[in-house]
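Below: my_file.cif (mmCIF, C-alpha atoms)
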data_target
#
loop_
_atom_site.label_atom_id
_atom_site.label_comp_id
_atom_site.auth_asym_id
_atom_site.auth_seq_id
_atom_site.Cartn_x
_atom_site.Cartn_y
_atom_site.Cartn_z
CA MET A 1 30.14 30.44 52.73
CA LYS A 2 31.21 32.96 50.10
CA GLN A 3 33.28 30.26 48.40
CA TYR A 4 30.22 27.99 48.18
CA LEU A 5 28.16 30.87 46.74
CA LYS A 6 30.84 31.59 44.17
CA PHE A 7 30.94 27.90 43.26
CA PHE A 8 27.16 27.62 42.74
CA TRP A 9 27.14 30.90 40.82
CA LEU A 10 29.90 29.59 38.55
CA VAL A 11 28.08 26.26 37.95
CA GLY A 12 24.85 28.12 37.17
CA ALA A 13 26.60 30.47 34.79
CA ILE A 14 28.24 27.59 32.95
CA ALA A 15 24.88 25.81 32.69
CA ILE A 16 23.23 28.90 31.24
CA LEU A 17 26.04 29.46 28.76
CA THR A 18 26.03 25.80 27.76
CA ALA A 19 22.26 25.83 27.25
CA GLY A 20 22.56 28.98 25.17
CA CYS A 21 25.25 27.46 23.00
CA ALA A 22 23.21 24.26 22.54
CA GLN A 23 20.37 26.25 20.96
CA LYS A 24 22.62 28.12 18.57
CA GLY A 25 23.21 26.38 15.28
CA ILE A 26 26.30 26.29 13.15
CA GLN A 27 26.88 28.75 10.33
CA GLY A 28 25.70 27.70 6.87
CA LEU A 29 28.34 27.24 4.18
CA SER A 30 26.34 28.76 1.33
CA ALA A 31 23.06 30.48 0.50
CA GLU A 32 21.45 27.07 -0.06
CA ASP A 33 22.79 25.58 3.17
CA THR A 34 19.68 26.44 5.18
CA PRO A 35 17.31 24.47 7.42
CA GLU A 36 14.46 25.06 4.95
CA HIS A 37 16.44 23.69 2.01
CA HIS A 38 17.58 20.57 3.85
CA TYR A 39 14.06 19.92 5.18
CA LEU A 40 12.61 20.05 1.67
CA MET A 41 15.35 17.82 0.28
CA GLY A 42 14.84 15.36 3.12
CA MET A 43 11.10 15.08 2.54
CA GLU A 44 11.62 14.50 -1.18
CA LEU A 45 14.09 11.72 -0.36
CA VAL A 46 11.56 10.11 2.01
CA ASP A 47 9.13 9.99 -0.92
CA ASP A 48 11.84 8.26 -2.97
CA GLY A 49 12.38 5.70 -0.21
CA ASN A 50 15.90 6.93 0.52
CA LEU A 51 15.57 7.16 4.28
CA SER A 52 19.29 7.24 5.06
CA ASP A 53 20.01 10.30 2.90
CA ALA A 54 16.79 11.92 4.10
CA LYS A 55 17.98 11.66 7.70
CA THR A 56 21.32 13.22 6.69
CA HIS A 57 19.48 16.28 5.40
CA PHE A 58 17.22 16.51 8.45
CA ASP A 59 20.26 16.24 10.72
CA ARG A 60 21.99 19.01 8.78
CA ALA A 61 18.91 21.20 9.18
CA LEU A 62 18.99 20.59 12.92
CA ALA A 63 22.70 21.38 13.06
CA LEU A 64 21.89 24.74 11.51
CA ALA A 65 18.80 25.28 13.70
CA PRO A 66 18.60 22.78 16.61
CA ASP A 67 14.90 23.37 17.35
CA TYR A 68 13.69 23.55 13.74
CA ALA A 69 10.33 21.78 14.01
CA PRO A 70 9.95 20.64 10.37
CA ALA A 71 13.31 18.82 10.54
CA LEU A 72 12.34 17.20 13.84
CA SER A 73 9.14 15.97 12.21
CA GLY A 74 11.17 14.73 9.25
CA ASN A 75 13.34 12.60 11.50
CA ALA A 76 10.17 11.35 13.19
CA LEU A 77 8.89 10.26 9.79
CA VAL A 78 12.17 8.48 8.99
CA ALA A 79 11.99 6.56 12.27
CA ALA A 80 8.35 5.69 11.62
CA CYS A 81 9.11 4.42 8.11
CA ASN A 82 11.97 2.34 9.52
CA CYS A 83 9.41 0.55 11.71
CA GLU A 84 7.95 -1.09 8.61
CA PHE A 85 11.28 -2.68 7.72
CA GLN A 86 12.01 -4.05 11.18
CA ASP A 87 11.37 -7.76 11.62
CA ASP A 88 12.71 -7.70 15.17
CA ALA A 89 9.96 -6.58 17.59
CA SER A 90 12.38 -4.91 20.02
CA HIS A 91 14.05 -2.89 17.26
CA ARG A 92 10.67 -1.90 15.89
CA SER A 93 9.59 -0.74 19.34
CA VAL A 94 12.68 1.47 19.64
CA ASP A 95 12.02 3.12 16.27
CA MET A 96 8.35 3.59 17.13
CA GLU A 97 9.14 5.28 20.44
CA LYS A 98 11.72 7.49 18.74
CA ALA A 99 9.20 8.50 16.09
CA ILE A 100 6.52 9.44 18.63
CA GLU A 101 9.02 11.33 20.81
CA LEU A 102 10.31 13.34 17.85
CA ILE A 103 6.89 14.25 16.46
CA GLU A 104 5.75 15.40 19.89
CA LYS A 105 8.90 17.52 20.24
CA ALA A 106 8.27 18.98 16.79
CA GLU A 107 4.75 19.93 17.84
CA ASP A 108 6.19 21.77 20.86
CA GLU A 109 8.66 23.71 18.70
CA THR A 110 6.31 24.84 15.91
CA ASP A 111 6.40 28.47 14.82
CA GLY A 112 3.36 29.93 13.08
CA ALA A 113 0.10 28.53 11.69
CA SER A 114 1.48 27.13 8.46
CA GLN A 115 4.31 25.29 10.19
CA ARG A 116 1.89 23.87 12.78
CA PHE A 117 -0.29 22.59 9.94
CA ALA A 118 2.69 20.92 8.24
CA ILE A 119 3.70 19.21 11.48
CA GLN A 120 0.17 17.86 11.96
CA VAL A 121 0.15 16.42 8.44
CA THR A 122 3.51 14.76 9.08
CA ALA A 123 2.09 13.43 12.36
CA ILE A 124 -0.65 11.66 10.37
CA ARG A 125 2.08 9.94 8.36
CA VAL A 126 4.15 9.10 11.44
CA TYR A 127 1.23 7.34 13.14
CA THR A 128 0.30 5.55 9.90
CA HIS A 129 3.79 4.09 9.43
CA ALA A 130 4.73 3.48 13.07
CA LYS A 131 1.32 2.08 14.05
CA PRO A 132 1.49 2.56 17.83
CA LYS A 133 -1.52 1.51 19.90
CA ASN A 134 -4.67 3.33 18.71
CA TRP A 135 -2.70 4.73 15.80
CA LEU A 136 -5.71 5.53 13.62
CA GLU A 137 -7.28 7.58 16.42
CA SER A 138 -4.00 9.48 16.84
CA ALA A 139 -3.83 10.11 13.10
CA GLN A 140 -7.43 11.35 13.13
CA ASN A 141 -6.62 13.73 15.99
CA ALA A 142 -3.66 15.09 14.03
CA TYR A 143 -5.89 15.51 10.96
CA ASP A 144 -8.59 17.32 12.94
CA GLY A 145 -5.96 19.49 14.59
CA GLY A 146 -4.41 20.41 11.26
CA MET A 147 -7.70 21.17 9.54
CA GLY A 148 -8.70 23.36 12.48
CA ILE A 149 -5.71 25.67 12.03
CA LYS A 150 -6.60 28.98 10.39
CA ASP A 151 -4.45 31.27 8.25
CA VAL A 152 -2.49 28.44 6.62
CA LYS A 153 -0.71 29.79 3.55
CA ALA A 154 0.31 27.54 0.66
CA THR A 155 3.37 29.74 0.05
CA GLU A 156 4.59 28.79 3.53
CA LEU A 157 4.27 25.07 2.83
CA PRO A 158 7.35 24.35 0.67
CA TYR A 159 6.74 20.61 0.72
CA TYR A 160 3.00 20.05 1.31
CA ARG A 161 1.96 23.12 -0.74
CA GLY A 162 -1.70 23.06 0.23
CA ARG A 163 -4.33 22.03 2.77
CA GLU A 164 -5.41 19.10 0.58
CA ALA A 165 -2.26 17.29 1.78
CA ALA A 166 -4.10 16.56 5.04
CA ASP A 167 -6.99 14.92 3.16
CA TYR A 168 -4.59 12.86 1.07
CA PHE A 169 -2.52 11.47 3.94
CA MET A 170 -5.57 10.87 6.14
CA GLY A 171 -7.04 9.02 3.15
CA VAL A 172 -3.90 6.88 3.04
CA ALA A 173 -4.27 6.22 6.77
CA ALA A 174 -7.92 5.18 6.41
CA TYR A 175 -7.01 2.94 3.45
CA ARG A 176 -4.30 1.17 5.42
CA ALA A 177 -6.71 0.72 8.32
CA PHE A 178 -9.25 -0.94 5.94
CA GLN A 179 -11.66 1.98 6.39
CA PHE A 180 -12.26 2.03 2.66
CA ARG A 181 -15.36 4.22 2.48
CA ASP A 182 -13.72 6.88 4.67
CA ALA A 183 -10.63 6.70 2.46
CA GLU A 184 -12.79 7.13 -0.65
CA ASP A 185 -14.39 10.30 0.76
CA LEU A 186 -11.08 11.84 1.82
CA LEU A 187 -9.34 11.10 -1.47
CA SER A 188 -12.34 12.44 -3.34
CA ASN A 189 -11.80 15.79 -1.59
CA VAL A 190 -8.33 15.92 -3.15
CA THR A 191 -9.34 14.86 -6.66
CA GLN A 192 -12.18 17.38 -6.73
CA ALA A 193 -9.96 20.25 -5.63
CA ALA A 194 -7.86 22.29 -8.04
CA PRO A 195 -4.97 20.15 -9.39
CA GLY A 196 -1.94 20.30 -7.13
CA ARG A 197 0.90 18.21 -5.79
CA TRP A 198 -1.33 15.52 -4.28
CA HIS A 199 -3.93 15.32 -7.04
CA GLU A 200 -2.24 12.56 -9.07
CA PRO A 201 -1.34 10.18 -6.21
CA ALA A 202 -4.81 10.73 -4.74
CA ALA A 203 -6.41 9.86 -8.09
CA ILE A 204 -4.38 6.66 -8.37
CA LEU A 205 -5.25 5.53 -4.85
CA PHE A 206 -8.89 6.61 -5.25
CA LYS A 207 -9.20 4.29 -8.24
CA LYS A 208 -8.02 1.35 -6.13
CA VAL A 209 -10.21 2.26 -3.17
CA HIS A 210 -13.23 2.70 -5.40
CA LYS A 211 -12.76 -0.83 -6.76
CA ILE A 212 -12.67 -2.21 -3.23
CA VAL A 213 -15.78 -0.25 -2.23
CA ARG A 214 -17.60 -1.59 -5.29
CA ALA A 215 -16.50 -5.10 -4.37
CA MET A 216 -17.87 -4.55 -0.87
CA ALA A 217 -21.28 -3.45 -2.14
CA ASN A 218 -22.93 -6.85 -1.65
CA TYR A 219 -20.37 -8.77 0.36
CA THR A 220 -18.56 -8.55 3.69
CA LEU A 221 -14.86 -8.98 3.08
CA THR A 222 -12.87 -11.49 5.10
CA ASP A 223 -9.72 -10.35 6.91
CA VAL A 224 -7.63 -12.14 4.29
CA ALA A 225 -9.42 -10.24 1.52
CA LYS A 226 -8.88 -6.88 3.23
CA HIS A 227 -5.15 -7.43 3.63
CA ILE A 228 -4.77 -8.61 0.04
CA ALA A 229 -6.97 -5.81 -1.33
CA ILE A 230 -4.48 -3.09 -0.39
CA LYS A 231 -1.47 -4.81 -1.95
CA ASP A 232 0.06 -3.21 -5.03
CA GLU A 233 1.42 -6.60 -6.08
CA VAL A 234 -0.38 -9.84 -5.32
CA VAL A 235 1.43 -13.17 -5.34
CA ARG A 236 0.01 -16.51 -6.42
CA ALA A 237 -0.41 -17.73 -2.83
CA ASP A 238 -2.55 -14.65 -2.09
CA VAL A 239 -4.80 -15.40 -5.04
CA ALA A 240 -5.24 -18.98 -3.88
CA ALA A 241 -6.34 -17.70 -0.48
CA LEU A 242 -8.80 -15.25 -2.03
CA LEU A 243 -10.37 -17.89 -4.26
CA VAL A 244 -10.84 -20.32 -1.41
CA ASP A 245 -12.01 -17.76 1.15
CA GLU A 246 -14.18 -15.52 -1.02
CA LEU A 247 -15.54 -17.98 -3.59
CA ARG A 248 -15.56 -21.01 -1.28
CA LEU A 249 -13.98 -22.80 -4.23
CA ASP A 250 -14.11 -26.34 -2.85
CA SER A 251 -17.86 -26.34 -2.30
CA LEU A 252 -18.42 -24.34 -5.49
CA MET A 253 -16.68 -26.92 -7.67
CA ALA A 254 -18.05 -29.99 -5.91
CA GLY A 255 -20.95 -31.35 -7.94
CA ARG A 256 -20.19 -29.18 -10.97
CA ILE A 257 -17.16 -31.08 -12.25
CA PRO A 258 -15.90 -34.60 -11.42
CA THR A 259 -14.02 -34.72 -8.12
CA PRO A 260 -10.27 -35.27 -8.70
CA SER A 261 -8.78 -38.59 -7.75
CA LYS A 262 -7.15 -39.05 -4.36
CA LYS A 263 -3.75 -39.38 -6.04
CA GLU A 264 -4.12 -35.95 -7.69
CA VAL A 265 -5.23 -34.37 -4.44
CA GLN A 266 -2.15 -35.65 -2.62
CA PHE A 267 0.33 -33.91 -4.95
CA ILE A 268 2.17 -31.22 -2.94
CA PRO A 269 4.80 -29.04 -4.67
CA ALA A 270 7.91 -28.74 -2.52
CA ASP A 271 7.78 -24.92 -2.47
CA ILE A 272 4.40 -24.68 -0.70
CA ILE A 273 5.15 -26.91 2.30
CA ASN A 274 5.98 -24.00 4.61
CA ASN A 275 3.65 -21.46 3.03
CA PRO A 276 0.92 -20.07 5.34
CA PHE A 277 -1.61 -20.67 2.56
CA LYS A 278 -0.56 -24.26 1.93
CA ASN A 279 -4.07 -25.66 2.39
CA GLU A 280 -5.62 -23.08 0.08
CA ILE A 281 -3.00 -23.77 -2.60
CA GLN A 282 -3.70 -27.50 -2.36
CA THR A 283 -7.37 -26.78 -2.95
CA ILE A 284 -6.47 -24.78 -6.07
CA LEU A 285 -4.26 -27.59 -7.33
CA LYS A 286 -6.97 -30.16 -6.73
CA TRP A 287 -9.28 -28.46 -9.23
CA HIS A 288 -6.55 -27.81 -11.85
CA LEU A 289 -7.35 -24.13 -12.18
CA ARG A 290 -5.78 -22.64 -15.28
CA GLY A 291 -3.55 -19.67 -14.55
CA LEU A 292 -2.43 -21.17 -11.26
CA GLU A 293 -0.94 -24.44 -12.47
CA PRO A 294 2.39 -25.78 -11.19
CA GLU A 295 5.28 -25.21 -13.57
CA TYR A 296 8.24 -27.47 -14.25
CA ASP A 297 11.47 -26.10 -12.77
CA ALA A 298 14.55 -27.36 -14.60
CA THR A 299 16.90 -26.57 -11.71
CA SER A 300 15.06 -28.65 -9.12
CA GLN A 301 13.65 -31.02 -11.77
CA ALA A 302 10.24 -30.81 -10.15
CA TYR A 303 6.88 -29.12 -10.60
CA LEU A 304 6.65 -26.02 -8.39
CA PHE A 305 3.80 -23.65 -7.61
CA HIS A 306 5.95 -20.51 -7.17
CA PRO A 307 3.74 -19.10 -4.40
CA GLU A 308 5.70 -15.84 -4.11
CA SER A 309 5.60 -15.01 -7.82
CA THR A 310 3.41 -12.02 -8.65
CA LEU A 311 0.27 -12.56 -10.70
CA LYS A 312 0.04 -10.83 -14.06
CA ARG A 313 -3.17 -9.52 -15.56
CA LYS A 314 -3.13 -12.12 -18.33
CA ASP A 315 -2.90 -14.87 -15.68
CA LEU A 316 -5.91 -13.37 -13.90
CA ALA A 317 -7.79 -13.51 -17.20
CA PHE A 318 -6.95 -17.23 -17.51
CA ILE A 319 -8.19 -17.85 -13.95
CA LEU A 320 -11.47 -16.03 -14.52
CA GLU A 321 -12.08 -17.75 -17.84
CA ASP A 322 -11.41 -21.19 -16.38
CA LEU A 323 -13.75 -20.50 -13.46
CA LEU A 324 -16.47 -19.46 -15.91
CA ILE A 325 -16.00 -22.63 -17.95
CA LYS A 326 -15.97 -24.92 -14.91
CA ILE A 327 -19.02 -23.27 -13.35
CA THR A 328 -21.14 -23.08 -16.51
CA GLY A 329 -19.86 -26.21 -18.24
CA GLU A 330 -19.58 -24.26 -21.51
CA GLU A 331 -16.39 -25.76 -22.96
CA LYS A 332 -16.71 -23.77 -26.21
CA MET A 333 -15.96 -20.62 -24.20
CA ALA A 334 -12.28 -21.65 -24.21
CA SER A 335 -11.93 -20.93 -27.97
CA VAL A 336 -14.86 -18.76 -29.00
CA TYR A 337 -12.76 -15.67 -29.81
CA PHE A 338 -9.83 -17.38 -31.51
CA GLY A 339 -9.63 -16.77 -35.25
CA GLN A 340 -10.77 -13.16 -35.15
CA ASP A 341 -9.08 -10.97 -37.74
CA ARG A 342 -8.86 -7.86 -35.60
CA SER A 343 -8.03 -7.51 -31.92
CA SER A 344 -10.17 -5.46 -29.57
CA PHE A 345 -7.01 -4.41 -27.70
CA PRO A 346 -4.01 -2.56 -29.15
CA ASP A 347 -1.61 -4.50 -26.91
CA VAL A 348 -3.09 -8.02 -27.25
CA ASP A 349 -2.78 -9.75 -30.63
CA THR A 350 -5.47 -12.21 -31.74
CA SER A 351 -2.78 -14.89 -31.96
CA SER A 352 -1.75 -14.43 -28.32
CA PRO A 353 -2.46 -17.50 -26.15
CA TRP A 354 -4.31 -15.28 -23.69
CA TYR A 355 -6.44 -13.36 -26.23
CA ASN A 356 -9.52 -15.52 -25.73
CA ALA A 357 -9.25 -15.35 -21.95
CA VAL A 358 -8.84 -11.57 -22.06
CA MET A 359 -11.90 -11.24 -24.31
CA ASN A 360 -14.00 -13.42 -22.01
CA SER A 361 -12.93 -11.46 -18.93
CA VAL A 362 -13.44 -7.99 -20.43
CA SER A 363 -16.67 -8.74 -22.33
CA ARG A 364 -18.25 -9.98 -19.08
CA SER A 365 -17.00 -6.87 -17.21
CA LEU A 366 -14.83 -8.96 -14.89
CA MET A 367 -11.76 -6.95 -15.86
CA GLU A 368 -11.29 -3.46 -17.25
CA THR A 369 -9.09 -1.87 -19.88
CA GLU A 370 -7.53 1.57 -19.83
CA LEU A 371 -9.39 4.44 -21.51
CA SER A 372 -7.10 3.89 -24.49
CA GLY A 373 -8.35 0.32 -24.78
CA THR A 374 -5.06 -1.25 -23.71
CA PHE A 375 -5.28 -4.31 -21.49
CA ARG A 376 -1.71 -4.36 -20.09
CA PRO A 377 -1.41 -8.16 -20.09
CA ASP A 378 2.08 -8.26 -18.58
CA ASP A 379 1.41 -5.74 -15.82
CA THR A 380 1.10 -7.04 -12.27
CA ALA A 381 -2.48 -7.35 -11.05
CA ASP A 382 -3.07 -5.41 -7.82
CA GLY A 383 -5.23 -6.53 -4.95
CA SER A 384 -8.13 -4.19 -5.62
CA GLU A 385 -8.71 -5.33 -9.21
CA ILE A 386 -8.42 -9.02 -8.30
CA LEU A 387 -10.93 -8.59 -5.50
CA LEU A 388 -13.35 -6.65 -7.73
CA ALA A 389 -13.04 -9.28 -10.48
CA LEU A 390 -13.91 -12.08 -8.07
CA MET A 391 -16.84 -10.17 -6.60
CA ARG A 392 -18.16 -9.47 -10.08
CA LEU A 393 -17.78 -13.15 -10.89
CA ARG A 394 -19.89 -13.95 -7.84
CA ASN A 395 -22.59 -11.59 -9.12
CA VAL A 396 -22.49 -12.91 -12.69
CA MET A 397 -22.68 -16.54 -11.56
CA ASN A 398 -25.05 -15.87 -8.63
CA ILE A 399 -22.51 -17.34 -6.20
CA TYR A 400 -23.46 -16.70 -2.56
#

Rewritten as structure tokens:
Amino acid sequence: MKQYLKFFWLVGAIAILTAGCAQKGIQGLSAEDTPEHHYLMGMELVDDGNLSDAKTHFDRALALAPDYAPALSGNALVAACNCEFQDDASHRSVDMEKAIELIEKAEDETDGASQRFAIQVTAIRVYTHAKPKNWLESAQNAYDGGMGIKDVKATELPYYRGREAADYFMGVAAYRAFQFRDAEDLLSNVTQAAPGRWHEPAAILFKKVHKIVRAMANYTLTDVAKHIAIKDEVVRADVAALLVDELRLDSLMAGRIPTPSKKEVQFIPADIINNPFKNEIQTILKWHLRGLEPEYDATSQAYLFHPESTLKRKDLAFILEDLLIKITGEEKMASVYFGQDRSSFPDVDTSSPWYNAVMNSVSRSLMETELSGTFRPDDTADGSEILLALMRLRNVMNIY
């Protein structure tokens, strides 16, 4: 009996010692080799999109302090971001479960009000990227929990730096959930606060959201429009879908201009055959819309639509101008501004092929310039400005 008792005592002692050792981190190699330093570096790398190196820093922080909550939340964020790059559903599910498990563990290990706040803000981001079931509700709960924490000190938030971080990332969550008015309010809280780390990104996103909200003023957006509206870069296939869905292009053009011949309608570029917006692209091609014409490809020796090519602002100007001409029948609109001695835009010369289209689009408030007056013709058009331009066109032309 005594032997059994000695055995169990020995096993228990070993277990206790092992558990104690597991919680004790390794010794840092320098003054900078600390959990706090590696956490901060990891979060900065997440912002840069370098998830692999970010995880290396978070893992080093955990080697130094195994229960360090900020590093646990950092690894949760890495796993959540990885979800967005996983095409395989099973792999995505594994990353999602890992992200949720880690953020919940981080919440259990928090130390102090400021650290609890930081973990809740990271939780908003984790749910936004991982998108588990009811993810927006979970993000909202994390936001409410974070904003309810008292005695949060900016000096104890090496990465987030202030409470406005919660408003910013909840604004991002609302934006990605197509809750545009909620996103506008949250981002406005950040832009109206004293300038800080999140002021500039909030201002940039607020500008996009505000365009979408203005576009929604008189119209209910389709699901296609909502998904395209939040894209930073919009491809030609997306624009075709927007024109057909939001402007009902086929019925709009019918009766205004001669219907194309059956032969023209049947032309199908080889690169749109497997595109999900094939039918919408065919509708665009049927009406020969300038700015979305097929282009001759020397390699394949065929006319291609290039559905995955991004749309530039000057191309959007061509599209809007051509729609105006086709709807109104005013052919002179296509050349009314050519021949001017002085350009209205410092980055668009009067001799540029797109000058007239840019003038028509801006003078009718379909597109906007920067405060400096620059038009940025070669910049990619984002979803929010394309959507707002089309909605303004609907208002100008009384299209319902």

(message) With the PyMOL selection byres ((chain A and resi 98) around 10) as the selection, what would be picked from this file? Answer as a PyMOL selection string, please.
(response) chain A and resi 75-80+92-97+99-104+130

(request) Could you expand the PyMOL selection byres ((chain A and resi 367) around 10) into the explicit residues it covers here, written as a VMD selection string? (result) chain A and resid 313 316 to 317 320 358 to 366 368 to 369 375 385 to 386 388 to 390 392 to 393

(request) Run the PyMOL selection byres ((chain A and resi 139-147) around 6) on the file and write out the hits as JSON, numbers by chain. (result) {"A": [117, 120, 124, 127, 136, 137, 138, 148, 149]}

(message) Quick check, in Å to one decimal: how far apart do atom CA of Lys211 of chain A and atom CA of Ala225 of chain A lie?
(response) 13.0 Å

(request) Tell me which protein, DNA and RNA residues are within 6 Å of segment 270-281 of chain A, counting only C-alpha atoms, leaving out same-chain ones fewer than 3 positions away, and put them as a ChimeraX atom specification. (result) /A:240-241,284

(request) Just give me the gap between atom CA of Ala63 of chain A and atom CA of Gly25 of chain A in Å, one decimal is fine. (result) 5.5 Å

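Using all atoms listed in the file, the residues found no farther than 7 Å from segment 213-220 of chain A, other than those of its own chain fewer than 4 positions away, are Phe180, Arg181, Val209, Leu387, Leu388 and Met391 of chain A.
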
(message) Using Å and a single decimal, report how far atom CA of Phe85 of chain A sits from atom CA of Met170 of chain A.
(response) 21.7 Å

(request) Show which residues sit within 10 Å of segment 336-344 of chain A, as a ChimeraX atom specification. Count all atoms listed in the file, and ignore same-chain residues fewer than 5 positions away. (result) /A:331,349-360,373-375

Give as a short mmCIF file (atom, residue, chain, number, x, y, z; two decimals) with C-alpha atoms, in the coordinates of the input the set of residues within 9 Å of the point (26.0, 29.6, 12.3), where distances use the file's coordinates and only C-alpha atoms.
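Done, and the output landed in point-v8.cif:
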data_model
loop_
_atom_site.label_atom_id
_atom_site.label_comp_id
_atom_site.auth_asym_id
_atom_site.auth_seq_id
_atom_site.Cartn_x
_atom_site.Cartn_y
_atom_site.Cartn_z
CA LYS A 24 22.62 28.12 18.57
CA GLY A 25 23.21 26.38 15.28
CA ILE A 26 26.30 26.29 13.15
CA GLN A 27 26.88 28.75 10.33
CA GLY A 28 25.70 27.70 6.87
CA LEU A 29 28.34 27.24 4.18
CA ALA A 63 22.70 21.38 13.06
CA LEU A 64 21.89 24.74 11.51
CA ALA A 65 18.80 25.28 13.70
#

(request) Would you kindly return, as a ChimeraX atom specification, each protein, DNA or RNA residue with an atom no farther than 10 Å from any atom of Val234 of chain A, considering all atoms listed in the file and excluding same-chain residues fewer than 4 positions away? (result) /A:228-230,238-239,308-312,380-384,386
